[in-house]
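Colleague: Right, I'll just put the structure down here and ask away after.
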Amino acid sequence: MNAVDSVLVAGASAAGLSTVEALRRKGYQGRITVLDAAAGPPYDRPPLSKQVLSGAWQPERAHLRTPAALDALDARFLFGDAATGLDVVERTIRTASGRLLSAQAVVLATGLRPRTLPGQEPLPGVHLLRTLDQARELRRELAAARRIVVVGNGVLGSEIAATCAGLGLDTTLVGIQAAPMAEQFGPRIAGLLACLHTRNGVRLVNGGVGGVLTHRQGRVSGVRLRSGQLLPADLVVVAIGCVPATDWLAASGLRLDDGVVCDSGCRAAPGIYAAGDVARFHHGGLGTHLRLENRTNATAQAGVVAANILGADLPYAPVPYFWTDQFGVRIQLFGTPAADAEVTIAEGGADGSPDDRFVARFEAAGRLTAVLGWNMPKQARLHSRSLAAPAPRPSATAHPASTRP
Ligand SMILES: Cc1cc2nc3c(=O)[nH]c(=O)nc-3n(C[C@H](O)[C@H](O)[C@H](O)COP(=O)(O)OP(=O)(O)OC[C@H]3O[C@@H](n4cnc5c(N)ncnc54)[C@H](O)[C@@H]3O)c2cc1C
């Protein structure tokens with residue numbers, strides 16, 4: 001017996017599709033409509049910077065489901081039509097093609113859009129990587145490129161640089177973090193990642209980018225750092241983070257603050273939920289709002305949203321988790337390492353050698369805050385068990401000040 005007889009999902013990628021699948025798994029038999037700006041079918045993003053970019057996979061292999069599996073969900077998929085507005089009271093979405101779609105429950109799962117370099121117009125040879133089409137195009141251009149500069153040394157930039165160097169390309173990774181992924185991992189582990197990159201031929205440059213240089217033929221020819229240093233390039237990939245895709249919600253009256261602000265049950269307003277990269281939810285255990293940009297979160301949060309649509313009142317309070325693959329090393333991070341955390345190697349060896357395998361534990365104020373696995377997946381998962389998220393406090397429907405994780 002369902003209190004809700006229709007669900008409308010904006011965004012048909014990891015979070016949106018997982019919501020639909022979780023609803024059906026839980027026995028929901030009502031109407032489901034799923035809308036996506038992209039022409040479809042839905043695909044997974046983690047392989048884009050790895051297997052698809054390297055050419056190990058044909059792009060189609062990144063599709064999340066077969067057409068038959070999508071059909072079996074008995075949902076109405078509307079691909080290639082963007083949501084352009086939301087009426088929160090009527091729970092109605094207006095679309096680019098002029099549709100007006102209403103339902104008793106609406107799920108916002110529109111993810112992120114990548115940042116571009118400030119003031120930089122689109123230019124041949126300058127790429128972003130968020131979509132399958134962008135991965136295809138970048139892969140095509142890599143085939144003819146010699147010198148690559150990847151701008152942004154966070155997780156995505158580091159992965160792209162690793163893939164490019166793995167293809168034998170002359171690769172420079174430039175960014176404002178002191179070492180690749182220093183913000184995520186802290187100085188010690190980021191130092192090991194820097195070793196991994198340099199050992200595999202990536203040139204690491206620390207600095208902010210002032211602008212892109214243009215060749216006389218109207219194609220990119222390099223990158224100028226704020227310091228004045230020039231980095232020649234015939235292909236540039238910009239990976240300087242993303243912003244939540246919430247422009248279309250600007251007039252909705254929902255609270256938007258680096259994402260759709262939700263309560264601990266992922267509700268942004270009565271009957272309106274958010275899931276995945278776009279959702280800034282209240283984490284009851286940590287007592288703060290978080291927005292997580294990772295694949296596991298998209299599916300796990302969708303499960304809680306589906307349950308709550310069907311009448312449960314579950315809080316979403318996960319231990320944050322993500323993985324990255326670079327030069328054949330799988331790095332997994334469970335929890336959130338505090339900036340001042342003390343790092344100890346709990347298993348294995350971490351001396352910067354090619355066959356390093358280890359588990360690191362991050363402790364701050366005498367408390368374990370994160371566990372990192374470096375090519376030690378099973379052991380890392382075992383250690384992560386001592387990281388159980390603090391028990392959620394009673395449901396928080398107020399929205400305190402937003403804090404980035
Ligand atoms: C290249 C790459 C590599 C990654 N690698 C990893 C990894 O190794 N490990 C990891 O944990 N995470 C990784 N991630 C992150 C992970 O892929 C995301 O966390 C996950 O895709 C989030 O899913 P989502 O459904 O919330 O958002 P998205 O995947 O961004 O999907 C949002 C969907 O909404 C649609 N949309 C946007 N605006 C509208 C609109 N107005 N109307 C209708 N539809 C709209 C979009 O077309 C899209 O299909 C990677 C991401 C990228 C880009």
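The way I read the labels, and the way they are meant: chains A, B, ... in the order of the structure tokens, residue 1 as the first residue of every chain, and ligand 1 as the first ligand shown, with later ones counted on from there.
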Would you give me, as a tab-separated table, each residue of chain A having an atom within 7 Å of an atom of ligand 1, along with its shortest atom pair and that distance in Å to one decimal, using only C-alpha atoms and all ligand atoms and sorting by chain and residue number?

Modeller:
```
residue	atom	partner	partner_atom_place_in_ligand_line	distance
A:Ala10	CA	ligand 1	43 (C)	5.1
A:Gly11	CA	ligand 1	34 (O)	3.5
A:Ala12	CA	ligand 1	49 (O)	5.1
A:Ser13	CA	ligand 1	25 (O)	4.2
A:Ala14	CA	ligand 1	25 (O)	3.8
A:Ala15	CA	ligand 1	25 (O)	3.7
A:Gly16	CA	ligand 1	25 (O)	5.6
A:Leu35	CA	ligand 1	43 (C)	5.4
A:Asp36	CA	ligand 1	44 (N)	3.5
A:Ala37	CA	ligand 1	44 (N)	4.0
A:Ala38	CA	ligand 1	47 (O)	4.5
A:Pro42	CA	ligand 1	49 (O)	6.5
A:Asp44	CA	ligand 1	21 (O)	6.3
A:Arg45	CA	ligand 1	17 (O)	4.2
A:Pro46	CA	ligand 1	5 (N)	3.3
A:Pro47	CA	ligand 1	3 (C)	6.3
A:Leu48	CA	ligand 1	1 (C)	4.8
A:Ser49	CA	ligand 1	1 (C)	4.5
A:Asp81	CA	ligand 1	43 (C)	6.4
A:Ala82	CA	ligand 1	42 (N)	3.6
A:Ala83	CA	ligand 1	42 (N)	3.7
A:Thr84	CA	ligand 1	41 (N)	5.7
A:Ala109	CA	ligand 1	26 (O)	5.5
A:Thr110	CA	ligand 1	34 (O)	3.4
A:Gly111	CA	ligand 1	27 (O)	3.4
A:Leu112	CA	ligand 1	30 (O)	4.9
A:Leu129	CA	ligand 1	1 (C)	5.7
A:Arg130	CA	ligand 1	53 (C)	4.0
A:Thr131	CA	ligand 1	53 (C)	6.7
A:Leu156	CA	ligand 1	3 (C)	6.1
A:Ala245	CA	ligand 1	38 (N)	5.5
A:Trp248	CA	ligand 1	41 (N)	5.8
A:Ala275	CA	ligand 1	26 (O)	6.2
A:Gly276	CA	ligand 1	26 (O)	3.3
A:Asp277	CA	ligand 1	26 (O)	3.9
A:Val278	CA	ligand 1	26 (O)	6.0
A:Glu293	CA	ligand 1	19 (O)	4.3
A:Asn294	CA	ligand 1	19 (O)	3.2
A:Arg295	CA	ligand 1	19 (O)	4.0
A:Thr296	CA	ligand 1	11 (O)	5.8
A:Asn297	CA	ligand 1	19 (O)	6.9
A:Ala298	CA	ligand 1	23 (O)	5.1
A:Tyr321	CA	ligand 1	11 (O)	7.0
A:Phe322	CA	ligand 1	11 (O)	4.0
A:Trp323	CA	ligand 1	9 (N)	4.6
A:Thr324	CA	ligand 1	8 (O)	4.3
A:Asp325	CA	ligand 1	8 (O)	6.4
```

Colleague: Could you turn the residues from that selection into a file that holds C-alpha atoms, as a PDB file, in the first residue's frame?

Modeller:
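Final output, saved to result.pdb:
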```
ATOM      1  CA  ALA A  10      14.851  15.054 -12.407  1.00  0.00           C
ATOM      2  CA  GLY A  11      18.196  13.559 -13.449  1.00  0.00           C
ATOM      3  CA  ALA A  12      18.490   9.984 -14.723  1.00  0.00           C
ATOM      4  CA  SER A  13      22.090   9.256 -13.778  1.00  0.00           C
ATOM      5  CA  ALA A  14      23.484   7.341 -10.788  1.00  0.00           C
ATOM      6  CA  ALA A  15      21.278   8.946  -8.114  1.00  0.00           C
ATOM      7  CA  GLY A  16      18.103   9.348 -10.190  1.00  0.00           C
ATOM      8  CA  LEU A  35      13.593  13.371 -16.924  1.00  0.00           C
ATOM      9  CA  ASP A  36      17.134  14.053 -18.105  1.00  0.00           C
ATOM     10  CA  ALA A  37      18.680  16.909 -20.047  1.00  0.00           C
ATOM     11  CA  ALA A  38      21.061  14.453 -21.727  1.00  0.00           C
ATOM     12  CA  PRO A  42      22.211   6.796 -18.509  1.00  0.00           C
ATOM     13  CA  ASP A  44      28.359   5.827 -15.174  1.00  0.00           C
ATOM     14  CA  ARG A  45      30.940   8.568 -14.691  1.00  0.00           C
ATOM     15  CA  PRO A  46      33.866   6.913 -12.833  1.00  0.00           C
ATOM     16  CA  PRO A  47      35.025   5.002 -15.957  1.00  0.00           C
ATOM     17  CA  LEU A  48      35.101   8.207 -18.033  1.00  0.00           C
ATOM     18  CA  SER A  49      38.441   9.391 -16.636  1.00  0.00           C
ATOM     19  CA  ASP A  81      14.547  17.430 -22.082  1.00  0.00           C
ATOM     20  CA  ALA A  82      15.928  19.630 -19.290  1.00  0.00           C
ATOM     21  CA  ALA A  83      13.976  20.686 -16.227  1.00  0.00           C
ATOM     22  CA  THR A  84      13.773  24.473 -16.285  1.00  0.00           C
ATOM     23  CA  ALA A 109      19.076  14.461  -8.809  1.00  0.00           C
ATOM     24  CA  THR A 110      20.597  16.854 -11.329  1.00  0.00           C
ATOM     25  CA  GLY A 111      24.197  16.468 -10.153  1.00  0.00           C
ATOM     26  CA  LEU A 112      26.906  18.966 -11.002  1.00  0.00           C
ATOM     27  CA  LEU A 129      35.372  15.994 -18.500  1.00  0.00           C
ATOM     28  CA  ARG A 130      31.976  15.284 -16.996  1.00  0.00           C
ATOM     29  CA  THR A 131      29.927  13.644 -19.761  1.00  0.00           C
ATOM     30  CA  LEU A 156      39.600  14.278 -11.252  1.00  0.00           C
ATOM     31  CA  ALA A 245      23.290  22.012 -11.210  1.00  0.00           C
ATOM     32  CA  TRP A 248      16.900  25.768 -12.839  1.00  0.00           C
ATOM     33  CA  ALA A 275      19.844  12.783  -3.886  1.00  0.00           C
ATOM     34  CA  GLY A 276      23.396  12.455  -5.123  1.00  0.00           C
ATOM     35  CA  ASP A 277      25.983  15.125  -5.881  1.00  0.00           C
ATOM     36  CA  VAL A 278      23.411  17.940  -5.831  1.00  0.00           C
ATOM     37  CA  GLU A 293      30.460  14.076  -4.643  1.00  0.00           C
ATOM     38  CA  ASN A 294      31.016  10.378  -4.975  1.00  0.00           C
ATOM     39  CA  ARG A 295      29.511   7.388  -6.651  1.00  0.00           C
ATOM     40  CA  THR A 296      28.685   5.312  -3.591  1.00  0.00           C
ATOM     41  CA  ASN A 297      26.801   8.190  -2.031  1.00  0.00           C
ATOM     42  CA  ALA A 298      24.593   8.543  -5.123  1.00  0.00           C
ATOM     43  CA  TYR A 321      33.544   6.949   1.064  1.00  0.00           C
ATOM     44  CA  PHE A 322      35.216   7.309  -2.303  1.00  0.00           C
ATOM     45  CA  TRP A 323      37.820   5.536  -4.358  1.00  0.00           C
ATOM     46  CA  THR A 324      40.172   6.572  -7.112  1.00  0.00           C
ATOM     47  CA  ASP A 325      42.322   4.479  -9.472  1.00  0.00           C
TER      48      ASP A 325
END
```

Colleague: May I have all residues of region 168-298 of chain A that DSSP, computed from the backbone, assigns to alpha helix (DSSP H), given as a ChimeraX atom specification?

Modeller: /A:182-199,295-298

Colleague: Please identify which residues in region 145-312 of chain A DSSP calls strand (DSSP E) from the backbone, and express them as a ChimeraX atom specification.

Modeller: /A:147-151,170-175,203-206,209-214,220-225,230-232,235-238,242-244,260-261,267-269,272-274,279-283,288-290

Colleague: Find, counting only C-alpha atoms, the residue in A:Ser54, A:Ala338, A:Leu64, A:Gly40 that gets nearest to Ala365 (chain A).

Modeller: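 Ranked by minimum distance to Ala365 (chain A), first place goes to A:Ala338.
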
Colleague: Identify, on the basis of only C-alpha atoms, every residue whose closest approach to Gly125 (chain A) does not exceed 7 Å; exclude the query and any residue fewer than 5 positions from it along the same chain; express the result as a list in words.

Modeller: Arg219, Val220, Asp234, Leu235 and Val236 of chain A

Colleague: Excluding region 178-187 of chain A and any residue of its chain fewer than 4 positions from it, enumerate the residues within 9 Å of it, using only C-alpha atoms, and give them as a list in words.

Modeller: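 What passes the distance filter is Gly152, Asn153, Gly154, Val155, Gly157, Ser158, Leu173, Val174, Gly191, Leu192, Leu193, Ala194, His197, Leu204, Val205, Asn206, Gly207, Leu333, Thr336, Pro337, Ala338, Ala339, Asp340, Ala341, Val343 and Leu372 of chain A.
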
Colleague: Export N, CA and C atoms of the chosen residues as a short mmCIF file (atom, residue, chain, number, x, y, z; two decimals), in the first residue's frame?

Modeller:
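As a result, selection_20.cif now contains:
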```
data_model
loop_
_atom_site.label_atom_id
_atom_site.label_comp_id
_atom_site.auth_asym_id
_atom_site.auth_seq_id
_atom_site.Cartn_x
_atom_site.Cartn_y
_atom_site.Cartn_z
N GLY A 152 44.28 21.63 -12.46
CA GLY A 152 43.50 21.20 -11.30
C GLY A 152 44.04 19.89 -10.78
N ASN A 153 44.63 19.93 -9.56
CA ASN A 153 45.23 18.69 -9.04
C ASN A 153 44.42 18.08 -7.91
N GLY A 154 43.09 18.15 -8.06
CA GLY A 154 42.21 17.38 -7.17
C GLY A 154 42.05 15.98 -7.72
N VAL A 155 40.96 15.30 -7.30
CA VAL A 155 40.83 13.90 -7.67
C VAL A 155 40.68 13.71 -9.18
N GLY A 157 41.47 15.77 -11.77
CA GLY A 157 42.68 16.14 -12.52
C GLY A 157 43.77 15.10 -12.35
N SER A 158 43.92 14.58 -11.14
CA SER A 158 44.97 13.57 -10.89
C SER A 158 44.68 12.30 -11.69
N LEU A 173 50.70 18.14 -14.67
CA LEU A 173 49.54 18.35 -13.79
C LEU A 173 49.83 19.59 -12.97
N VAL A 174 49.00 20.62 -13.15
CA VAL A 174 49.24 21.87 -12.44
C VAL A 174 48.04 22.19 -11.56
N GLY A 191 51.85 13.25 -0.58
CA GLY A 191 53.26 13.16 -0.94
C GLY A 191 53.55 11.83 -1.64
N LEU A 192 52.94 10.76 -1.15
CA LEU A 192 53.13 9.45 -1.79
C LEU A 192 52.48 9.44 -3.18
N LEU A 193 51.33 10.12 -3.29
CA LEU A 193 50.68 10.20 -4.61
C LEU A 193 51.55 11.00 -5.58
N ALA A 194 52.17 12.05 -5.06
CA ALA A 194 53.08 12.84 -5.91
C ALA A 194 54.22 11.96 -6.42
N HIS A 197 53.01 9.73 -9.19
CA HIS A 197 52.87 10.46 -10.45
C HIS A 197 54.23 10.73 -11.10
N LEU A 204 54.82 17.57 -12.16
CA LEU A 204 53.91 18.23 -11.21
C LEU A 204 54.32 19.69 -11.05
N VAL A 205 53.37 20.58 -11.21
CA VAL A 205 53.65 22.01 -11.07
C VAL A 205 52.65 22.58 -10.07
N ASN A 206 53.16 23.34 -9.13
CA ASN A 206 52.29 23.95 -8.12
C ASN A 206 52.07 25.41 -8.51
N GLY A 207 50.81 25.77 -8.71
CA GLY A 207 50.53 27.17 -9.03
C GLY A 207 49.14 27.35 -9.59
N LEU A 333 39.12 5.96 0.39
CA LEU A 333 39.09 6.77 1.61
C LEU A 333 37.72 6.64 2.26
N THR A 336 36.31 11.21 6.96
CA THR A 336 36.85 12.52 6.56
C THR A 336 38.08 12.82 7.42
N PRO A 337 39.27 12.80 6.80
CA PRO A 337 40.48 13.09 7.57
C PRO A 337 40.50 14.56 7.97
N ALA A 338 40.67 14.84 9.25
CA ALA A 338 40.81 16.23 9.67
C ALA A 338 42.15 16.75 9.17
N ALA A 339 42.21 18.07 8.93
CA ALA A 339 43.44 18.66 8.37
C ALA A 339 44.64 18.39 9.27
N ASP A 340 44.39 18.35 10.59
CA ASP A 340 45.52 18.18 11.53
C ASP A 340 45.63 16.73 12.01
N ALA A 341 45.03 15.80 11.29
CA ALA A 341 45.01 14.41 11.75
C ALA A 341 46.42 13.82 11.79
N VAL A 343 48.61 10.64 11.08
CA VAL A 343 48.46 9.49 10.18
C VAL A 343 49.40 8.38 10.62
N LEU A 372 42.37 4.99 5.16
CA LEU A 372 42.72 5.02 3.74
C LEU A 372 43.38 3.71 3.34
#
```

Colleague: Taking into account only C-alpha atoms, which residue in the set A:Leu225, A:Ala135, A:Ile309, A:Ala190 is nearest to Val20 (chain A)?

Modeller: A:Ile309

Colleague: Could you give me, as a PyMOL selection string, the residues within 10 Å of Phe358 (chain A), counting only C-alpha atoms and dropping anything in the same chain fewer than 5 positions from it?

Modeller: chain A and resi 331+345-351+372-377+379-380

Colleague: Measuring between only C-alpha atoms, which one of A:Ala233, A:Val107, A:Leu23, A:Ala268 shows the shortest distance to Leu8 (chain A)?

Modeller: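 Ranking A:Ala233, A:Val107, A:Leu23, A:Ala268 by distance to Leu8 (chain A), first place goes to A:Val107.
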
Colleague: So, counting only C-alpha atoms, which residue among A:Val126, A:Ala22, A:Val151, A:Leu213 is closest to Leu310 (chain A)?

Modeller: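 For Leu310 (chain A), the nearest of the candidates is A:Ala22.
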
Colleague: Between A:Leu123, A:Thr172, A:Gly265, A:Ile189, which has the minimum distance to His215 (chain A) (counting only C-alpha atoms)?

Modeller: A:Leu123

Colleague: Residues near Val260 (chain A), anyone? I mean within 6 Å using only C-alpha atoms, not counting same-chain ones fewer than 4 positions away, as a list in words.

Modeller: Leu256, Ala279 and Arg280 of chain A

Colleague: Closest to Leu167 (chain A) among A:Ala56, A:Leu368, A:Ala274, A:Leu128, using only C-alpha atoms?

Modeller: A:Ala56

Colleague: Write out as an mmCIF file with N, CA and C atoms, in the first residue's frame which residues come within 9 Å of Ala105 (chain A) when counting only C-alpha atoms, dropping same-chain ones fewer than 5 positions away.

Modeller:
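The resulting file, part_30.cif, is reproduced below:
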```
data_model
loop_
_atom_site.group_PDB
_atom_site.id
_atom_site.type_symbol
_atom_site.label_atom_id
_atom_site.label_comp_id
_atom_site.auth_asym_id
_atom_site.auth_seq_id
_atom_site.Cartn_x
_atom_site.Cartn_y
_atom_site.Cartn_z
ATOM 1 N N VAL A 4 1.943 7.320 -1.765
ATOM 2 C CA VAL A 4 2.285 8.150 -2.912
ATOM 3 C C VAL A 4 1.958 7.366 -4.181
ATOM 4 N N ASP A 5 1.279 7.987 -5.152
ATOM 5 C CA ASP A 5 0.975 7.207 -6.355
ATOM 6 C C ASP A 5 1.729 7.681 -7.584
ATOM 7 N N SER A 6 2.563 8.712 -7.446
ATOM 8 C CA SER A 6 3.357 9.141 -8.609
ATOM 9 C C SER A 6 4.643 9.799 -8.122
ATOM 10 N N VAL A 7 5.728 9.492 -8.832
ATOM 11 C CA VAL A 7 7.043 10.038 -8.487
ATOM 12 C C VAL A 7 7.663 10.606 -9.754
ATOM 13 N N LEU A 8 8.252 11.774 -9.618
ATOM 14 C CA LEU A 8 8.909 12.444 -10.742
ATOM 15 C C LEU A 8 10.364 12.662 -10.356
ATOM 16 N N VAL A 9 11.286 12.201 -11.199
ATOM 17 C CA VAL A 9 12.713 12.295 -10.881
ATOM 18 C C VAL A 9 13.391 13.175 -11.924
ATOM 19 N N ARG A 91 4.270 20.680 -6.873
ATOM 20 C CA ARG A 91 5.205 19.605 -7.223
ATOM 21 C C ARG A 91 5.154 19.347 -8.738
ATOM 22 N N PRO A 270 8.166 19.691 1.711
ATOM 23 C CA PRO A 270 7.237 18.546 1.737
ATOM 24 C C PRO A 270 7.081 17.918 0.344
ATOM 25 N N GLY A 271 7.382 16.627 0.260
ATOM 26 C CA GLY A 271 7.251 15.911 -1.014
ATOM 27 C C GLY A 271 8.370 16.157 -2.009
ATOM 28 N N ILE A 272 9.367 16.932 -1.624
ATOM 29 C CA ILE A 272 10.492 17.228 -2.533
ATOM 30 C C ILE A 272 11.770 16.702 -1.871
ATOM 31 N N TYR A 273 12.482 15.861 -2.584
ATOM 32 C CA TYR A 273 13.685 15.218 -2.047
ATOM 33 C C TYR A 273 14.871 15.532 -2.962
ATOM 34 N N ILE A 309 10.189 8.301 0.598
ATOM 35 C CA ILE A 309 9.021 8.587 -0.270
ATOM 36 C C ILE A 309 7.897 7.611 0.075
#
```

Colleague: Using CA of Gln120 (chain A) and CA of Asp170 (chain A) as the two end points, give the distance in Å to one decimal.

Modeller: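 CA of Asp170 (chain A) lies at a distance of 23.7 Å from CA of Gln120 (chain A).
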
Colleague: Using CA of Ala302 (chain A) and CA of Ser252 (chain A) as the two end points, give the distance in Å to one decimal.

Modeller: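 Separating CA of Ala302 (chain A) from CA of Ser252 (chain A) is a distance of 21.9 Å.
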